Amino acid sequence: MSGSTEGLQNSVSVFFESRDRDYEFPAGGHHQLLTAQEQELLAWLSDCGLSIEQKISTLVKDRDWSECYSLVIFGVRLAILAVRQRPPSTYSTGLVALVAGSPKVDWRDVLGAFAIFDACGRRIGVDFQAEVERVAACGEPELLRSTIDGFFSRDAEMRCVDVMGFQECGVGETLNYRPKSML
């Protein structure tokens, strides 16, 4: 095992150990962007020199559905951070986490995450469809194919965060998304 893979695995383990019940969908609940453990994981994913395939494999190795939800949440938080701070590479790293975790997450929740990524991508000039297709091809694309096809077969207005049950709140440095109230 390479040092990069081992370092990334250690960072992933520390990230999973740090999450608590407030780390919830879509943007990590009451946690500010980014926690120290998220910053470390972002740094490893950004600088480890591993291929996208190796990153995805390392992120999901031996992970259960709950941990995969945390990966998707982490990805969404990175997409939001990319809008707040404008580094497109942060958005791309978020896509790796999204694609890694999505196959073990309820498809309805994945559609909500896709809607947030799509909205964030538009804000920073990134074509979400092209990027998610590219990253998914590096993992196990057949596991996400129906979700990707289902999302992009919808009209644009049916892919928006509002339709997916989320509400945009804040602007600029305070941009976030929260679940719409059921009542």
# chains A, B, ... in the order shown; residues from 1 in each chain; ligands from 1
>>> residues_around(residues="range 23-26 of chain A", least_positions_apart="6", cutoff="9 Å", atoms="only C-alpha atoms", output="VMD selection string")
chain A and resid 69 to 70 72 to 74 76 to 77 109 112 to 113 116 166 176 to 179
>>> select_by_dssp(residues="range 7-69 of chain A", states="alpha helix (DSSP H)", output="ChimeraX atom specification")
/A:7-18,36-47,52-60,65-69
>>> atom_distance(atom1="CA of Met158 in chain A", atom2="CA of Ser66 in chain A")
27.4 Å
>>> closest_atom_pairs(of="range 117-144 of chain A", to="range 79-93 of chain A", cutoff="7 Å", atoms="only C-alpha atoms", output="Markdown table")
| residue | atom | partner | partner_atom | distance |
| --- | --- | --- | --- | --- |
| A:Phe117 | CA | A:Ala79 | CA | 6.1 |
| A:Cys120 | CA | A:Ala79 | CA | 6.1 |
| A:Arg123 | CA | A:Val83 | CA | 6.6 |
| A:Ile124 | CA | A:Val83 | CA | 6.2 |
>>> write_last_selection(atoms="N, CA and C atoms", output="PDB file, in the first residue's frame")
ATOM      1  N   PHE A 117     -25.695  20.097  -5.941  1.00  0.00           N
ATOM      2  CA  PHE A 117     -24.485  20.168  -6.772  1.00  0.00           C
ATOM      3  C   PHE A 117     -24.758  20.901  -8.081  1.00  0.00           C
ATOM      4  N   CYS A 120     -25.037  24.616  -7.295  1.00  0.00           N
ATOM      5  CA  CYS A 120     -23.717  25.166  -6.975  1.00  0.00           C
ATOM      6  C   CYS A 120     -22.841  25.227  -8.225  1.00  0.00           C
ATOM      7  N   ARG A 123     -23.547  28.242 -10.298  1.00  0.00           N
ATOM      8  CA  ARG A 123     -23.036  29.474  -9.679  1.00  0.00           C
ATOM      9  C   ARG A 123     -21.559  29.700  -9.944  1.00  0.00           C
ATOM     10  N   ILE A 124     -20.802  28.611 -10.106  1.00  0.00           N
ATOM     11  CA  ILE A 124     -19.352  28.766 -10.328  1.00  0.00           C
ATOM     12  C   ILE A 124     -18.946  28.413 -11.752  1.00  0.00           C
TER      13      ILE A 124
END
>>> residues_around(residues="His31 in chain A", least_positions_apart="3", cutoff="10 Å", atoms="only C-alpha atoms", output="MDAnalysis selection string")
chainID A and resid 19:20 22:24 27:28 34:35
>>> residues_around(residues="Gly101 in chain A", least_positions_apart="2", cutoff="12 Å", atoms="only C-alpha atoms", output="PyMOL selection string")
chain A and resi 55-76+94-99+103-107+109-110+113+136+139-140+143-144
>>> write_last_selection(atoms="N, CA and C atoms", output="short mmCIF file (atom, residue, chain, number, x, y, z; two decimals), in the first residue's frame")
data_model
loop_
_atom_site.label_atom_id
_atom_site.label_comp_id
_atom_site.auth_asym_id
_atom_site.auth_seq_id
_atom_site.Cartn_x
_atom_site.Cartn_y
_atom_site.Cartn_z
N LYS A 55 -9.00 7.20 -5.25
CA LYS A 55 -9.66 7.99 -4.19
C LYS A 55 -11.02 7.40 -3.86
N ILE A 56 -11.82 7.11 -4.88
CA ILE A 56 -13.16 6.56 -4.66
C ILE A 56 -13.05 5.22 -3.92
N SER A 57 -12.16 4.37 -4.38
CA SER A 57 -11.98 3.06 -3.75
C SER A 57 -11.57 3.20 -2.29
N THR A 58 -10.67 4.12 -2.00
CA THR A 58 -10.20 4.32 -0.64
C THR A 58 -11.31 4.89 0.24
N LEU A 59 -12.10 5.80 -0.29
CA LEU A 59 -13.19 6.41 0.49
C LEU A 59 -14.23 5.39 0.91
N VAL A 60 -14.57 4.45 0.04
CA VAL A 60 -15.70 3.55 0.33
C VAL A 60 -15.29 2.17 0.83
N LYS A 61 -14.01 1.89 0.87
CA LYS A 61 -13.57 0.56 1.28
C LYS A 61 -14.11 0.22 2.67
N ASP A 62 -14.89 -0.86 2.74
CA ASP A 62 -15.45 -1.37 4.00
C ASP A 62 -16.38 -0.39 4.71
N ARG A 63 -17.04 0.49 3.98
CA ARG A 63 -17.94 1.48 4.59
C ARG A 63 -19.39 1.03 4.50
N ASP A 64 -20.15 1.33 5.56
CA ASP A 64 -21.57 0.99 5.55
C ASP A 64 -22.38 2.17 5.03
N TRP A 65 -23.68 2.00 4.96
CA TRP A 65 -24.56 3.02 4.39
C TRP A 65 -24.50 4.33 5.19
N SER A 66 -24.37 4.25 6.51
CA SER A 66 -24.32 5.47 7.34
C SER A 66 -23.07 6.29 7.03
N GLU A 67 -21.95 5.61 6.89
CA GLU A 67 -20.72 6.30 6.55
C GLU A 67 -20.79 6.88 5.13
N CYS A 68 -21.48 6.17 4.24
CA CYS A 68 -21.64 6.69 2.88
C CYS A 68 -22.51 7.94 2.86
N TYR A 69 -23.52 8.01 3.75
CA TYR A 69 -24.28 9.25 3.88
C TYR A 69 -23.35 10.39 4.28
N SER A 70 -22.43 10.12 5.19
CA SER A 70 -21.49 11.16 5.62
C SER A 70 -20.59 11.61 4.47
N LEU A 71 -20.20 10.68 3.61
CA LEU A 71 -19.41 11.06 2.43
C LEU A 71 -20.20 11.98 1.52
N VAL A 72 -21.48 11.65 1.31
CA VAL A 72 -22.33 12.50 0.46
C VAL A 72 -22.50 13.88 1.09
N ILE A 73 -22.73 13.91 2.40
CA ILE A 73 -22.85 15.20 3.11
C ILE A 73 -21.56 16.00 2.96
N PHE A 74 -20.43 15.35 3.14
CA PHE A 74 -19.14 16.00 2.97
C PHE A 74 -19.02 16.57 1.56
N GLY A 75 -19.42 15.80 0.57
CA GLY A 75 -19.39 16.28 -0.82
C GLY A 75 -20.25 17.52 -1.01
N VAL A 76 -21.45 17.49 -0.47
CA VAL A 76 -22.36 18.64 -0.58
C VAL A 76 -21.73 19.86 0.11
N GLY A 94 -15.47 17.53 -4.02
CA GLY A 94 -16.79 17.17 -3.50
C GLY A 94 -17.48 16.14 -4.37
N LEU A 95 -17.29 16.26 -5.69
CA LEU A 95 -17.88 15.27 -6.61
C LEU A 95 -17.33 13.88 -6.36
N VAL A 96 -16.05 13.77 -6.03
CA VAL A 96 -15.46 12.46 -5.74
C VAL A 96 -16.15 11.85 -4.52
N ALA A 97 -16.36 12.64 -3.47
CA ALA A 97 -17.05 12.14 -2.27
C ALA A 97 -18.50 11.78 -2.60
N LEU A 98 -19.17 12.62 -3.39
CA LEU A 98 -20.56 12.34 -3.79
C LEU A 98 -20.66 11.02 -4.53
N VAL A 99 -19.83 10.84 -5.53
CA VAL A 99 -19.86 9.62 -6.34
C VAL A 99 -19.47 8.40 -5.50
N PRO A 103 -23.79 5.26 -4.13
CA PRO A 103 -24.39 3.95 -4.37
C PRO A 103 -25.03 3.29 -3.15
N LYS A 104 -24.59 3.64 -1.95
CA LYS A 104 -25.16 3.03 -0.74
C LYS A 104 -26.17 3.95 -0.04
N VAL A 105 -26.50 5.08 -0.67
CA VAL A 105 -27.43 6.06 -0.10
C VAL A 105 -28.75 5.95 -0.84
N ASP A 106 -29.85 6.20 -0.13
CA ASP A 106 -31.17 6.17 -0.74
C ASP A 106 -31.19 7.08 -1.97
N TRP A 107 -31.67 6.58 -3.08
CA TRP A 107 -31.63 7.31 -4.34
C TRP A 107 -32.34 8.66 -4.25
N ASP A 109 -32.38 10.68 -1.68
CA ASP A 109 -31.43 11.59 -1.06
C ASP A 109 -30.31 11.96 -2.03
N VAL A 110 -29.91 11.02 -2.87
CA VAL A 110 -28.90 11.31 -3.88
C VAL A 110 -29.43 12.35 -4.86
N ALA A 113 -29.01 15.66 -3.31
CA ALA A 113 -27.61 16.07 -3.36
C ALA A 113 -27.25 16.52 -4.77
N ALA A 136 -18.09 9.67 -12.23
CA ALA A 136 -18.77 8.38 -12.08
C ALA A 136 -18.11 7.31 -12.95
N GLY A 139 -15.43 5.43 -11.14
CA GLY A 139 -15.80 4.53 -10.05
C GLY A 139 -16.44 3.29 -10.61
N GLU A 140 -17.64 3.03 -10.16
CA GLU A 140 -18.44 1.93 -10.68
C GLU A 140 -19.68 2.54 -11.30
N LEU A 143 -23.41 1.52 -10.94
CA LEU A 143 -24.10 1.70 -9.67
C LEU A 143 -24.85 3.03 -9.59
N LEU A 144 -24.42 4.01 -10.38
CA LEU A 144 -25.06 5.33 -10.38
C LEU A 144 -25.82 5.63 -11.66
#
>>> closest_residue(among="A:Leu8, A:Leu33, A:Leu78, A:Cys160", to="Leu45 in chain A", atoms="only C-alpha atoms")
A:Leu8
>>> atom_distance(atom1="CA of Gln37 in chain A", atom2="CA of Gln54 in chain A")
20.3 Å
>>> select_by_dssp(residues="range 61-181 of chain A", states="strand (DSSP E or B)", output="ChimeraX atom specification")
/A:166-169,176-179
